[in-house]
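S.K.: Sharing data-v6.txt below, compact mmCIF, C-alpha atoms:
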```
# COMPACT_ATOMS: atom_id res chain seq x y z
CA MET A 1 198.11 78.08 107.01
CA ALA A 2 195.14 76.24 108.43
CA LEU A 3 192.08 78.38 109.08
CA SER A 4 190.22 78.50 112.39
CA GLU A 5 186.78 76.92 112.65
CA GLN A 6 185.21 80.38 112.68
CA GLU A 7 187.04 81.29 109.48
CA VAL A 8 185.95 78.07 107.79
CA LEU A 9 182.37 78.67 108.95
CA ALA A 10 182.41 82.16 107.46
CA GLY A 11 183.78 80.87 104.15
CA LEU A 12 181.31 78.00 104.05
CA ALA A 13 178.43 80.35 104.82
CA GLU A 14 179.36 82.43 101.79
CA ILE A 15 179.27 79.35 99.59
CA VAL A 16 175.92 78.22 100.99
CA ALA A 17 174.51 81.71 100.54
CA GLU A 18 175.60 81.86 96.92
CA GLU A 19 174.24 78.42 96.07
CA THR A 20 170.94 78.66 97.93
CA GLY A 21 170.24 82.29 98.74
CA ILE A 22 170.19 81.50 102.46
CA ASP A 23 171.43 84.37 104.62
CA THR A 24 175.01 83.80 105.80
CA GLY A 25 173.90 84.48 109.37
CA ASP A 26 171.63 81.43 109.24
CA VAL A 27 174.51 79.09 108.46
CA GLN A 28 175.49 78.06 111.98
CA PHE A 29 177.37 75.11 113.45
CA ASP A 30 174.30 73.28 114.73
CA LYS A 31 172.19 73.67 111.56
CA SER A 32 171.41 70.55 109.57
CA PHE A 33 171.98 71.00 105.85
CA THR A 34 168.90 68.98 105.01
CA ASP A 35 166.42 69.56 107.82
CA ASP A 36 167.19 73.17 108.77
CA LEU A 37 168.63 74.70 105.60
CA ASP A 38 166.54 72.61 103.13
CA ILE A 39 169.57 71.86 100.97
CA ASP A 40 168.99 68.93 98.59
CA SER A 41 171.56 66.31 97.59
CA LEU A 42 172.59 68.07 94.37
CA SER A 43 173.01 71.50 95.97
CA MET A 44 175.03 69.77 98.69
CA MET A 45 177.39 68.43 96.03
CA THR A 46 177.81 71.92 94.60
CA ILE A 47 178.58 73.28 98.06
CA VAL A 48 181.08 70.47 98.67
CA THR A 49 182.82 71.10 95.34
CA LEU A 50 183.06 74.84 95.94
CA ALA A 51 184.32 74.18 99.47
CA GLU A 52 187.00 71.84 98.11
CA GLU A 53 188.18 74.61 95.80
CA LYS A 54 187.96 77.36 98.39
CA PHE A 55 189.70 75.51 101.22
CA ASP A 56 191.99 73.37 99.06
CA VAL A 57 190.81 70.10 100.60
CA ARG A 58 189.38 66.90 99.20
CA ILE A 59 186.00 65.72 100.43
CA PRO A 60 185.31 62.22 99.02
CA ASP A 61 181.75 61.64 97.77
CA GLU A 62 181.25 58.82 100.28
CA GLU A 63 182.08 61.24 103.10
CA VAL A 64 179.34 63.70 102.18
CA LYS A 65 176.57 61.64 103.83
CA ASN A 66 178.41 62.07 107.16
CA LEU A 67 178.33 65.85 106.90
CA VAL A 68 174.92 66.20 108.49
CA THR A 69 175.37 69.60 110.12
CA VAL A 70 177.31 72.69 109.17
CA GLY A 71 179.53 71.91 112.17
CA ASP A 72 180.33 68.45 110.70
CA ALA A 73 181.49 70.10 107.50
CA VAL A 74 183.50 72.76 109.31
CA SER A 75 185.34 70.22 111.43
CA TYR A 76 185.97 67.94 108.43
CA ILE A 77 187.48 70.82 106.49
CA THR A 78 189.49 72.08 109.47
CA THR A 79 190.91 68.61 110.11
CA ALA A 80 191.65 68.04 106.43
CA GLN A 81 193.54 71.31 106.29
CA ALA A 82 195.66 70.53 109.33
CA MET B 1 209.35 47.80 45.65
CA THR B 2 205.57 47.88 45.61
CA VAL B 3 204.13 50.78 47.54
CA MET B 4 200.81 50.09 49.17
CA ARG B 5 197.94 52.43 48.38
CA THR B 6 196.03 54.16 51.16
CA THR B 7 192.90 56.26 51.21
CA LYS B 8 192.80 60.02 51.10
CA GLY B 9 189.65 61.92 51.78
CA PRO B 10 188.23 65.42 51.76
CA GLU B 11 189.72 67.98 54.11
CA PHE B 12 186.46 68.61 55.98
CA ALA B 13 183.31 66.81 57.03
CA ARG B 14 179.90 68.07 58.13
CA ILE B 15 176.51 66.98 59.38
CA ARG B 16 174.39 66.70 56.23
CA GLY B 17 171.03 65.75 57.71
CA LEU B 18 169.36 64.98 61.02
CA GLY B 19 166.47 62.68 61.89
CA VAL B 20 164.79 61.76 65.15
CA PHE B 21 162.23 59.37 66.54
CA ARG B 22 160.68 59.91 69.95
CA GLY B 23 158.95 57.12 71.84
CA GLU B 24 155.24 57.09 70.99
CA ASN B 25 154.02 57.75 74.53
CA VAL B 26 154.46 60.97 76.51
CA VAL B 27 154.61 59.90 80.16
CA PRO B 28 154.02 62.63 82.75
CA ASN B 29 155.59 62.54 86.21
CA ASP B 30 152.27 61.78 87.83
CA ASP B 31 152.16 58.44 86.01
CA ILE B 32 155.39 57.19 87.58
CA VAL B 33 155.60 58.75 91.04
CA GLY B 34 153.66 56.02 92.85
CA PRO B 35 156.35 53.30 93.08
CA ILE B 36 159.04 55.82 94.05
CA ASP B 37 156.87 57.55 96.64
CA SER B 38 157.61 60.91 95.06
CA SER B 39 155.80 63.80 93.41
CA ASP B 40 155.67 65.78 90.20
CA GLU B 41 157.07 68.72 92.14
CA TRP B 42 160.09 66.77 93.44
CA ILE B 43 161.00 65.35 90.02
CA ARG B 44 160.76 68.79 88.42
CA LYS B 45 162.90 70.33 91.18
CA MET B 46 165.60 67.65 91.10
CA THR B 47 165.74 67.03 87.32
CA GLY B 48 163.65 69.57 85.41
CA ILE B 49 161.74 66.73 83.78
CA ALA B 50 158.00 67.17 83.23
CA THR B 51 157.46 64.25 80.86
CA ARG B 52 159.55 61.55 79.24
CA VAL B 53 158.90 59.77 75.95
CA ARG B 54 158.61 56.00 76.05
CA ALA B 55 158.13 53.58 73.22
CA ASN B 56 155.39 51.02 72.79
CA PRO B 57 156.32 47.53 74.02
CA GLU B 58 156.53 46.22 70.47
CA THR B 59 158.77 49.06 69.26
CA SER B 60 162.40 47.96 69.23
CA VAL B 61 165.71 49.80 69.32
CA ILE B 62 166.11 48.98 65.64
CA ASP B 63 162.60 50.22 64.79
CA MET B 64 163.44 53.58 66.35
CA ALA B 65 166.89 53.66 64.76
CA GLU B 66 165.38 52.93 61.34
CA ALA B 67 162.79 55.70 61.63
CA ALA B 68 165.40 58.27 62.65
CA SER B 69 167.81 57.06 59.96
CA ARG B 70 165.27 57.30 57.15
CA GLN B 71 164.50 60.87 58.19
CA ALA B 72 168.21 61.76 58.36
CA LEU B 73 168.80 60.32 54.89
CA GLU B 74 165.85 62.25 53.51
CA LYS B 75 167.04 65.50 55.10
CA ALA B 76 170.54 64.89 53.76
CA GLY B 77 169.06 64.21 50.34
CA ILE B 78 170.99 61.03 49.82
CA ASP B 79 170.15 57.41 49.20
CA ALA B 80 171.02 54.68 51.69
CA SER B 81 173.34 53.20 49.07
CA ASP B 82 175.57 56.28 49.45
CA ILE B 83 176.30 55.36 53.08
CA ASP B 84 179.63 53.53 53.48
CA ALA B 85 179.53 52.98 57.23
CA ILE B 86 176.90 52.85 59.96
CA ILE B 87 177.76 53.46 63.62
CA LEU B 88 175.00 52.61 66.06
CA SER B 89 175.51 53.84 69.60
CA THR B 90 173.31 51.93 72.02
CA ILE B 91 173.44 50.29 75.43
CA THR B 92 169.97 48.82 75.17
CA PHE B 93 170.13 46.51 72.15
CA PRO B 94 169.07 43.23 73.78
CA HIS B 95 171.66 40.91 72.21
CA ILE B 96 175.33 40.40 72.98
CA THR B 97 175.66 39.45 69.34
CA PRO B 98 174.96 40.21 66.55
CA GLY B 99 175.14 43.95 66.88
CA GLY B 100 172.19 46.09 65.90
CA ALA B 101 173.95 48.08 63.18
CA PRO B 102 174.04 45.32 60.52
CA ILE B 103 170.33 44.71 61.08
CA LEU B 104 169.67 48.42 60.73
CA ALA B 105 171.77 48.48 57.56
CA ASP B 106 169.76 45.61 56.11
CA ARG B 107 166.49 47.37 56.93
CA LEU B 108 167.78 50.37 54.99
CA GLY B 109 168.73 48.13 52.06
CA ASN B 110 172.40 48.75 52.67
CA THR B 111 175.42 46.46 53.05
CA ALA B 112 177.86 49.03 54.41
CA ALA B 113 180.29 48.46 57.24
CA ALA B 114 178.07 48.47 60.30
CA PHE B 115 178.95 48.24 63.97
CA ASP B 116 177.69 49.17 67.42
CA ILE B 117 179.54 51.20 70.01
CA SER B 118 178.94 51.25 73.75
CA ALA B 119 179.66 54.67 75.15
CA ALA B 120 176.34 55.24 76.87
CA CYS B 121 175.29 58.89 77.01
CA ALA B 122 178.54 59.97 75.34
CA GLY B 123 177.94 57.58 72.44
CA TYR B 124 176.59 60.11 69.97
CA CYS B 125 179.61 62.41 70.32
CA TYR B 126 181.96 59.42 70.25
CA ALA B 127 180.37 58.32 66.99
CA ILE B 128 180.50 61.81 65.49
CA GLY B 129 184.25 61.87 66.18
CA GLN B 130 184.69 58.51 64.48
CA ALA B 131 182.48 59.43 61.53
CA ASP B 132 184.38 62.67 61.00
CA SER B 133 187.63 60.69 60.88
CA LEU B 134 186.22 58.05 58.53
CA VAL B 135 185.05 60.67 56.05
CA ARG B 136 188.19 62.80 56.17
CA SER B 137 190.42 59.76 55.81
CA GLY B 138 188.56 58.71 52.68
CA GLN B 139 187.47 55.45 54.27
CA ALA B 140 183.79 56.38 53.83
CA ARG B 141 181.98 58.89 51.63
CA ASN B 142 179.11 59.17 54.07
CA VAL B 143 178.63 57.75 57.55
CA LEU B 144 175.29 57.23 59.24
CA VAL B 145 175.57 57.90 62.98
CA VAL B 146 172.67 56.69 65.10
CA GLY B 147 172.03 56.92 68.82
CA ALA B 148 169.11 54.66 69.70
CA GLU B 149 167.97 53.61 73.15
CA LYS B 150 165.01 51.80 74.59
CA MET B 151 165.90 52.64 78.18
CA SER B 152 162.48 51.55 79.45
CA ASP B 153 163.51 47.92 78.94
CA TYR B 154 166.09 48.33 81.72
CA ILE B 155 164.29 50.33 84.37
CA ASP B 156 162.92 49.42 87.78
CA PRO B 157 159.76 51.45 88.48
CA ALA B 158 160.68 51.49 92.19
CA ASP B 159 164.24 52.78 91.60
CA ARG B 160 164.71 56.34 92.83
CA SER B 161 168.17 56.79 91.29
CA ILE B 162 167.70 56.94 87.52
CA SER B 163 164.72 55.00 86.16
CA TYR B 164 162.28 57.90 86.43
CA LEU B 165 164.55 60.06 84.26
CA LEU B 166 164.75 57.73 81.32
CA GLY B 167 163.05 57.82 77.94
CA ASP B 168 163.14 55.93 74.64
CA ALA B 169 164.24 57.55 71.39
CA ALA B 170 166.61 57.55 68.45
CA GLY B 171 168.51 60.28 66.69
CA ALA B 172 170.49 59.96 63.48
CA VAL B 173 172.75 62.10 61.36
CA VAL B 174 174.53 61.67 58.06
CA ILE B 175 178.16 62.80 58.09
CA GLY B 176 179.70 63.56 54.70
CA ALA B 177 182.26 65.73 52.93
CA SER B 178 182.24 69.49 53.36
CA ASP B 179 183.85 72.41 51.56
CA THR B 180 184.44 74.22 54.84
CA PRO B 181 185.34 73.11 58.41
CA ALA B 182 182.13 71.95 60.09
CA ILE B 183 183.11 69.41 62.74
CA GLY B 184 185.75 70.50 65.23
CA PRO B 185 188.25 68.17 66.87
CA THR B 186 186.68 65.72 69.29
CA VAL B 187 187.90 66.10 72.87
CA TRP B 188 187.21 62.79 74.51
CA GLY B 189 188.28 60.51 77.32
CA SER B 190 187.27 58.24 80.13
CA ASP B 191 187.57 57.77 83.88
CA GLY B 192 187.01 54.13 84.70
CA SER B 193 187.58 54.81 88.39
CA GLY B 194 183.97 55.97 88.29
CA ALA B 195 182.66 52.84 86.57
CA HIS B 196 180.45 52.07 89.56
CA LEU B 197 178.67 55.43 89.43
CA VAL B 198 176.30 54.46 86.60
CA ARG B 199 175.84 50.74 86.29
CA GLN B 200 173.70 47.69 85.79
CA THR B 201 172.36 46.39 89.11
CA ALA B 202 173.79 42.91 88.47
CA SER B 203 175.88 41.26 85.75
CA TRP B 204 174.15 38.77 83.49
CA PHE B 205 176.08 35.98 85.26
CA GLU B 206 175.00 37.20 88.71
CA TYR B 207 171.44 37.23 87.43
CA ARG B 208 171.79 33.73 85.95
CA ASP B 209 173.60 32.10 88.88
CA ASN B 210 171.83 33.62 91.86
CA PRO B 211 168.15 32.68 92.03
CA GLY B 212 166.05 35.58 93.21
CA THR B 213 168.30 38.23 91.70
CA PRO B 214 165.98 40.71 90.00
CA PHE B 215 166.35 41.30 86.28
CA PRO B 216 169.28 43.75 85.91
CA THR B 217 168.27 47.36 85.51
CA LEU B 218 170.09 50.69 85.57
CA PHE B 219 171.29 52.45 88.69
CA GLN B 220 173.28 55.58 89.39
CA GLU B 221 174.91 57.34 92.30
CA GLY B 222 173.06 60.51 91.39
CA PRO B 223 174.87 63.14 93.48
CA SER B 224 178.31 61.82 92.47
CA VAL B 225 177.35 61.82 88.81
CA TYR B 226 175.99 65.35 89.21
CA LYS B 227 179.28 66.50 90.72
CA TRP B 228 181.40 64.86 88.03
CA ALA B 229 179.28 66.03 85.13
CA SER B 230 178.72 69.56 86.39
CA PHE B 231 182.29 70.38 87.36
CA LYS B 232 184.57 68.03 85.40
CA MET B 233 182.85 68.40 82.04
CA ALA B 234 183.02 72.19 81.85
CA PRO B 235 186.81 72.15 81.19
CA VAL B 236 186.25 69.49 78.51
CA ALA B 237 183.67 71.71 76.81
CA LEU B 238 186.04 74.67 76.94
CA GLU B 239 188.80 72.51 75.48
CA ALA B 240 186.52 71.57 72.57
CA ILE B 241 185.85 75.26 71.88
CA GLU B 242 189.56 76.02 71.94
CA ALA B 243 190.42 72.98 69.82
CA ALA B 244 187.99 74.23 67.16
CA GLY B 245 189.75 77.60 67.11
CA VAL B 246 186.60 79.51 68.06
CA THR B 247 185.50 81.41 71.15
CA PRO B 248 182.42 81.09 73.38
CA ASP B 249 181.08 84.21 71.64
CA ASP B 250 181.00 82.30 68.35
CA ILE B 251 178.82 79.54 69.81
CA LYS B 252 175.09 79.85 69.10
CA ALA B 253 173.89 76.74 70.90
CA PHE B 254 175.01 74.58 73.79
CA ILE B 255 173.72 71.05 73.38
CA PRO B 256 174.86 68.87 76.28
CA HIS B 257 173.63 65.35 76.91
CA GLN B 258 170.19 65.76 78.44
CA ALA B 259 170.85 64.15 81.82
CA ASN B 260 169.35 66.67 84.23
CA THR B 261 168.58 70.39 83.97
CA ARG B 262 170.49 70.94 87.21
CA ILE B 263 173.61 69.56 85.50
CA ILE B 264 172.93 71.65 82.40
CA ASP B 265 172.52 74.83 84.47
CA GLN B 266 175.68 74.21 86.45
CA MET B 267 177.67 73.43 83.28
CA VAL B 268 176.50 76.68 81.67
CA LYS B 269 177.66 78.53 84.77
CA GLN B 270 181.01 76.75 84.95
CA ILE B 271 181.74 77.16 81.24
CA GLY B 272 180.72 80.81 81.40
CA LEU B 273 178.68 80.79 78.21
CA PRO B 274 177.45 84.19 76.97
CA ASP B 275 173.74 85.00 77.36
CA HIS B 276 173.08 84.79 73.62
CA VAL B 277 173.79 81.05 73.55
CA ALA B 278 170.65 78.91 73.19
CA ILE B 279 170.69 76.17 75.80
CA ALA B 280 169.16 72.82 74.86
CA ARG B 281 166.55 71.68 77.36
CA ASP B 282 164.70 68.98 75.50
CA ILE B 283 165.01 66.84 78.63
CA VAL B 284 162.03 68.70 80.10
CA ASP B 285 159.72 66.95 77.63
CA SER B 286 161.70 63.94 76.41
CA GLY B 287 163.57 62.82 79.54
CA ASN B 288 167.05 61.35 79.45
CA THR B 289 167.36 59.26 76.29
CA SER B 290 171.08 58.46 76.59
CA ALA B 291 172.80 58.33 73.18
CA ALA B 292 169.75 59.83 71.48
CA SER B 293 169.49 62.91 73.64
CA ILE B 294 171.87 65.26 71.79
CA PRO B 295 170.37 64.74 68.31
CA LEU B 296 166.89 65.04 69.85
CA ALA B 297 167.83 68.29 71.57
CA THR B 298 169.41 69.56 68.35
CA GLU B 299 166.24 68.84 66.41
CA ARG B 300 164.21 70.65 69.04
CA LEU B 301 166.35 73.80 68.94
CA LEU B 302 166.15 73.89 65.15
CA ARG B 303 162.39 73.22 65.13
CA ASP B 304 161.72 75.92 67.71
CA GLY B 305 163.77 78.42 65.73
CA ASP B 306 166.23 78.98 68.57
CA VAL B 307 169.07 78.30 66.16
CA ALA B 308 169.42 77.99 62.40
CA SER B 309 171.21 75.75 59.97
CA GLY B 310 174.81 76.90 59.71
CA ASP B 311 175.05 78.03 63.33
CA LEU B 312 177.86 76.75 65.53
CA ALA B 313 176.89 74.42 68.36
CA LEU B 314 178.93 73.04 71.21
CA GLN B 315 177.85 69.50 72.01
CA ILE B 316 179.07 67.30 74.83
CA GLY B 317 178.11 63.78 75.82
CA PHE B 318 179.01 62.21 79.17
CA GLY B 319 177.90 59.17 81.06
CA ALA B 320 178.40 55.62 82.23
CA GLY B 321 181.99 54.50 82.02
CA LEU B 322 182.67 57.14 82.90
CA VAL B 323 183.15 58.41 79.36
CA TYR B 324 182.86 61.78 77.67
CA ALA B 325 183.27 63.47 74.30
CA ALA B 326 182.73 67.01 73.04
CA GLN B 327 183.04 68.86 69.76
CA VAL B 328 181.93 72.06 68.07
CA VAL B 329 179.79 71.42 65.00
CA VAL B 330 178.01 73.42 62.33
CA LEU B 331 174.31 72.63 62.58
CA PRO B 332 172.73 70.97 59.55
```
Show me this structure written as structure tokens.
M.R.:
Amino acid sequence: MALSEQEVLAGLAEIVAEETGIDTGDVQFDKSFTDDLDIDSLSMMTIVTLAEEKFDVRIPDEEVKNLVTVGDAVSYITTAQA
Amino acid sequence: MTVMRTTKGPEFARIRGLGVFRGENVVPNDDIVGPIDSSDEWIRKMTGIATRVRANPETSVIDMAEAASRQALEKAGIDASDIDAIILSTITFPHITPGGAPILADRLGNTAAAFDISAACAGYCYAIGQADSLVRSGQARNVLVVGAEKMSDYIDPADRSISYLLGDAAGAVVIGASDTPAIGPTVWGSDGSGAHLVRQTASWFEYRDNPGTPFPTLFQEGPSVYKWASFKMAPVALEAIEAAGVTPDDIKAFIPHQANTRIIDQMVKQIGLPDHVAIARDIVDSGNTSAASIPLATERLLRDGDVASGDLALQIGFGAGLVYAAQVVVLP
């Protein structure tokens, strides 16, 4: 069953926290992965891979550059799950 | 009816001796950050590299291969005439033909079968798999495996994707008969759907036919390569351990291709290697030397006393192709 955006956000926040040490509470819809959370391109790929496994979706490499904010990633995953 | 004769070799093969040659110049990050508008701090954070070794302009792929080969022969305690085949893994020999291996053989005073292979950063492990088979089939008593790369001939100082990682070096081993199992089955493969991920910026024809095309150099889609190597290669490494009939607890050293410490760290995590395993990190000082990186890293672990002759090591090469190969070996 597809998860709600809030559920995906919570799951994604756990992944980001594990990869970077950032507090889960700081992983919010409007936060930019690069500018706000200081996540570099390699850490982003780790987060994407772990998200693919966790949410059972495929996020093509060429799509990753479009996932600027946490909200972008949440909506991509939510749509892909639908 | 006449029955044709075939060869039959020893049951096992092993690495008998190892030799290396590192480019003569140690190049720190500060010397190369200008054209890529970067910093020592950024390169260390993204790759772990502090310095890379680069060869003098007049030093060729064959010069480096010869130096490493002579050392490997000496360590193995055998004469070049005892080598029945030479496999040179390189992507930087500057001729389409002839290959570099016959020239290397001639330099060593040898007329053995000699050929090049192109498997980029997986080339050393590809060649070890072939050498193991050649020895155990009886086709060759001893095989000289060489990974030699002068990567600096194919870099663009302004390229932010791969050039700043690369170094020049050669590593060589002699593979010969063994009384006990010492080279596990090679787990290898390819994924050509990722051929574009590490590539030459233009083909030789594009360079020839389109005036203004810069001399072709190397390029990579770094994050995609990171993802593939970090997450797809861990199962390959585990398969090599299982194929050898050992467990991660038996492994004393993990010697992956030295592409990036971030990849190495993620692979260690994904494989779930025990804490006692020594992790090769020669990349910090030598950079990414493609087919030479695993023998270089092996030499470093042995020299630093992190592992000893006779220990089991898991080695895995992966790179442009995409291609990969892994095996468990007994260290020389």
S.K.: With a distance threshold of 9 Å and counting only C-alpha atoms, extract the residues of chain B near chain A and express them as a PDB file with C-alpha atoms, in the coordinates of the input.
M.R.:
```pdb
ATOM      1  CA  MET B  46     165.600  67.650  91.100  1.00  0.00           C
ATOM      2  CA  GLY B 222     173.060  60.510  91.390  1.00  0.00           C
ATOM      3  CA  PRO B 223     174.870  63.140  93.480  1.00  0.00           C
ATOM      4  CA  SER B 224     178.310  61.820  92.470  1.00  0.00           C
ATOM      5  CA  TYR B 226     175.990  65.350  89.210  1.00  0.00           C
ATOM      6  CA  LYS B 227     179.280  66.500  90.720  1.00  0.00           C
ATOM      7  CA  SER B 230     178.720  69.560  86.390  1.00  0.00           C
ATOM      8  CA  PHE B 231     182.290  70.380  87.360  1.00  0.00           C
ATOM      9  CA  ARG B 262     170.490  70.940  87.210  1.00  0.00           C
ATOM     10  CA  GLN B 266     175.680  74.210  86.450  1.00  0.00           C
TER      11      GLN B 266
END
```
S.K.: Val70 of chain A: which residues within 8 Å, counting all atoms listed in the file, same-chain residues fewer than 6 positions away excluded, as a JSON list (two decimals) with C-alpha atoms, in the frame of the given file?
M.R.:
```json
[["chain", "number", "residue", "atom", "x", "y", "z"],
["A", 9, "LEU", "CA", 182.37, 78.67, 108.95],
["A", 27, "VAL", "CA", 174.51, 79.09, 108.46],
["A", 28, "GLN", "CA", 175.49, 78.06, 111.98],
["A", 29, "PHE", "CA", 177.37, 75.11, 113.45],
["A", 30, "ASP", "CA", 174.30, 73.28, 114.73],
["A", 31, "LYS", "CA", 172.19, 73.67, 111.56],
["A", 32, "SER", "CA", 171.41, 70.55, 109.57],
["A", 33, "PHE", "CA", 171.98, 71.00, 105.85]]
```
S.K.: What does the distance from atom CA of Asp132 of chain B to atom CA of Leu104 of chain B come to in Å, to one decimal?
M.R.: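 One can read the atom CA of Asp132 of chain B to atom CA of Leu104 of chain B distance as 20.5 Å.
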S.K.: I'd like the neighbourhood of segment 158-163 of chain B as a list of chain:residue names, where a residue qualifies if any of its atoms comes within 10 Å (using only C-alpha atoms), though same-chain residues fewer than 3 positions away should be ignored.
M.R.: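 Here the answer would be B:Ile32, B:Val33, B:Gly34, B:Pro35, B:Ile36, B:Asp37, B:Ser38, B:Met151, B:Ser152, B:Tyr154, B:Ile155, B:Leu166, B:Gly167, B:Val198, B:Thr217, B:Leu218, B:Phe219, B:Gln220, B:Glu221, B:Gly222, B:Pro223, B:Ala259, B:Asn288.
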S.K.: Nearest to Asp285 of chain B: which of B:Ile49, B:Ile15, B:Ala229, B:Ala119 is it, counting all atoms listed in the file?
M.R.: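 Going through B:Ile49, B:Ile15, B:Ala229, B:Ala119 one by one, the smallest distance to Asp285 of chain B is for B:Ile49.
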S.K.: What lies within 10 Å of Phe115 of chain B using only C-alpha atoms, ignoring chain neighbours under 5 positions off, as a CSV table (one decimal) with C-alpha atoms, in the frame of the given file?
M.R.:
```
chain,number,residue,atom,x,y,z
B,85,ALA,CA,179.5,53.0,57.2
B,86,ILE,CA,176.9,52.8,60.0
B,87,ILE,CA,177.8,53.5,63.6
B,88,LEU,CA,175.0,52.6,66.1
B,89,SER,CA,175.5,53.8,69.6
B,98,PRO,CA,175.0,40.2,66.6
B,99,GLY,CA,175.1,44.0,66.9
B,100,GLY,CA,172.2,46.1,65.9
B,101,ALA,CA,174.0,48.1,63.2
B,102,PRO,CA,174.0,45.3,60.5
B,103,ILE,CA,170.3,44.7,61.1
B,104,LEU,CA,169.7,48.4,60.7
B,105,ALA,CA,171.8,48.5,57.6
```
S.K.: Determine the nearest neighbour of Ala51 of chain A from the options A:Glu19, A:Tyr76, A:Ala82, A:Leu12, counting only C-alpha atoms.
M.R.: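 Of A:Glu19, A:Tyr76, A:Ala82, A:Leu12, the one nearest Ala51 of chain A is A:Leu12, counting only C-alpha atoms.
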S.K.: Ranking B:Pro295, B:Gly245, B:Gly138, B:Pro216 by minimum distance to Phe21 of chain B and counting all atoms listed in the file, which one comes first?
M.R.: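 For Phe21 of chain B, the nearest of the candidates is B:Pro295.
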S.K.: Hey, which of A:Asp26, A:Asp72, A:Asp36, A:Glu14 ends up closest to Lys54 of chain A? Count only C-alpha atoms.
M.R.: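 Among the listed residues, the smallest separation from Lys54 of chain A belongs to A:Glu14.
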S.K.: What's the separation between atom CA of Ala65 of chain B and atom CA of Ile263 of chain B, in Å to one decimal place?
M.R.: 27.0 Å
S.K.: Atom CA of Ala131 of chain B and atom CA of Ala114 of chain B, how far apart in Å?
M.R.: 11.9 Å
S.K.: Which residue is closest to Gly184 of chain B? Choose from B:Ala237, B:Arg44, B:Asn110, B:Asp249 and count all atoms listed in the file.
M.R.: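 For Gly184 of chain B, the nearest of the candidates is B:Ala237.
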S.K.: For Ala253 of chain B, work out the shell of residues within 12 Å, counting all atoms listed in the file and skipping chain neighbours fewer than 4 positions away, then give it as JSON, numbers by chain.
M.R.: {"B": [248, 249, 268, 273, 274, 275, 276, 277, 278, 279, 280, 281, 294, 297, 298, 299, 300, 301, 302, 305, 306, 307, 308, 309, 310, 311, 312, 313, 314, 315, 316, 328, 329, 330, 331]}
S.K.: Missing atoms in segment 98-109 of chain B should be modelled up to N, CA and C atoms and reported as an mmCIF file, in the coordinates of the input.
M.R.:
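Here's the written file selection_7.cif:
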```cif
data_model
loop_
_atom_site.group_PDB
_atom_site.id
_atom_site.type_symbol
_atom_site.label_atom_id
_atom_site.label_comp_id
_atom_site.auth_asym_id
_atom_site.auth_seq_id
_atom_site.Cartn_x
_atom_site.Cartn_y
_atom_site.Cartn_z
ATOM 1 N N PRO B 98 174.226 39.198 67.319
ATOM 2 C CA PRO B 98 174.960 40.210 66.550
ATOM 3 C C PRO B 98 174.657 41.607 67.058
ATOM 4 N N GLY B 99 175.417 42.555 66.570
ATOM 5 C CA GLY B 99 175.140 43.950 66.880
ATOM 6 C C GLY B 99 173.880 44.407 66.164
ATOM 7 N N GLY B 100 173.403 45.573 66.532
ATOM 8 C CA GLY B 100 172.190 46.090 65.900
ATOM 9 C C GLY B 100 172.464 46.757 64.562
ATOM 10 N N ALA B 101 173.668 47.279 64.380
ATOM 11 C CA ALA B 101 173.950 48.080 63.180
ATOM 12 C C ALA B 101 173.774 47.307 61.870
ATOM 13 N N PRO B 102 174.263 46.044 61.769
ATOM 14 C CA PRO B 102 174.040 45.320 60.520
ATOM 15 C C PRO B 102 172.559 45.096 60.213
ATOM 16 N N ILE B 103 171.765 44.903 61.267
ATOM 17 C CA ILE B 103 170.330 44.710 61.080
ATOM 18 C C ILE B 103 169.690 46.011 60.588
ATOM 19 N N LEU B 104 170.140 47.101 61.181
ATOM 20 C CA LEU B 104 169.670 48.420 60.730
ATOM 21 C C LEU B 104 170.057 48.642 59.268
ATOM 22 N N ALA B 105 171.296 48.316 58.938
ATOM 23 C CA ALA B 105 171.770 48.480 57.560
ATOM 24 C C ALA B 105 170.885 47.691 56.598
ATOM 25 N N ASP B 106 170.591 46.467 56.964
ATOM 26 C CA ASP B 106 169.760 45.610 56.110
ATOM 27 C C ASP B 106 168.369 46.205 55.933
ATOM 28 N N ARG B 107 167.820 46.731 57.017
ATOM 29 C CA ARG B 107 166.490 47.370 56.930
ATOM 30 C C ARG B 107 166.512 48.531 55.936
ATOM 31 N N LEU B 108 167.658 49.205 55.879
ATOM 32 C CA LEU B 108 167.780 50.370 54.990
ATOM 33 C C LEU B 108 168.174 49.948 53.575
ATOM 34 N N GLY B 109 168.340 48.629 53.370
ATOM 35 C CA GLY B 109 168.730 48.130 52.060
ATOM 36 C C GLY B 109 170.185 48.418 51.752
#
```
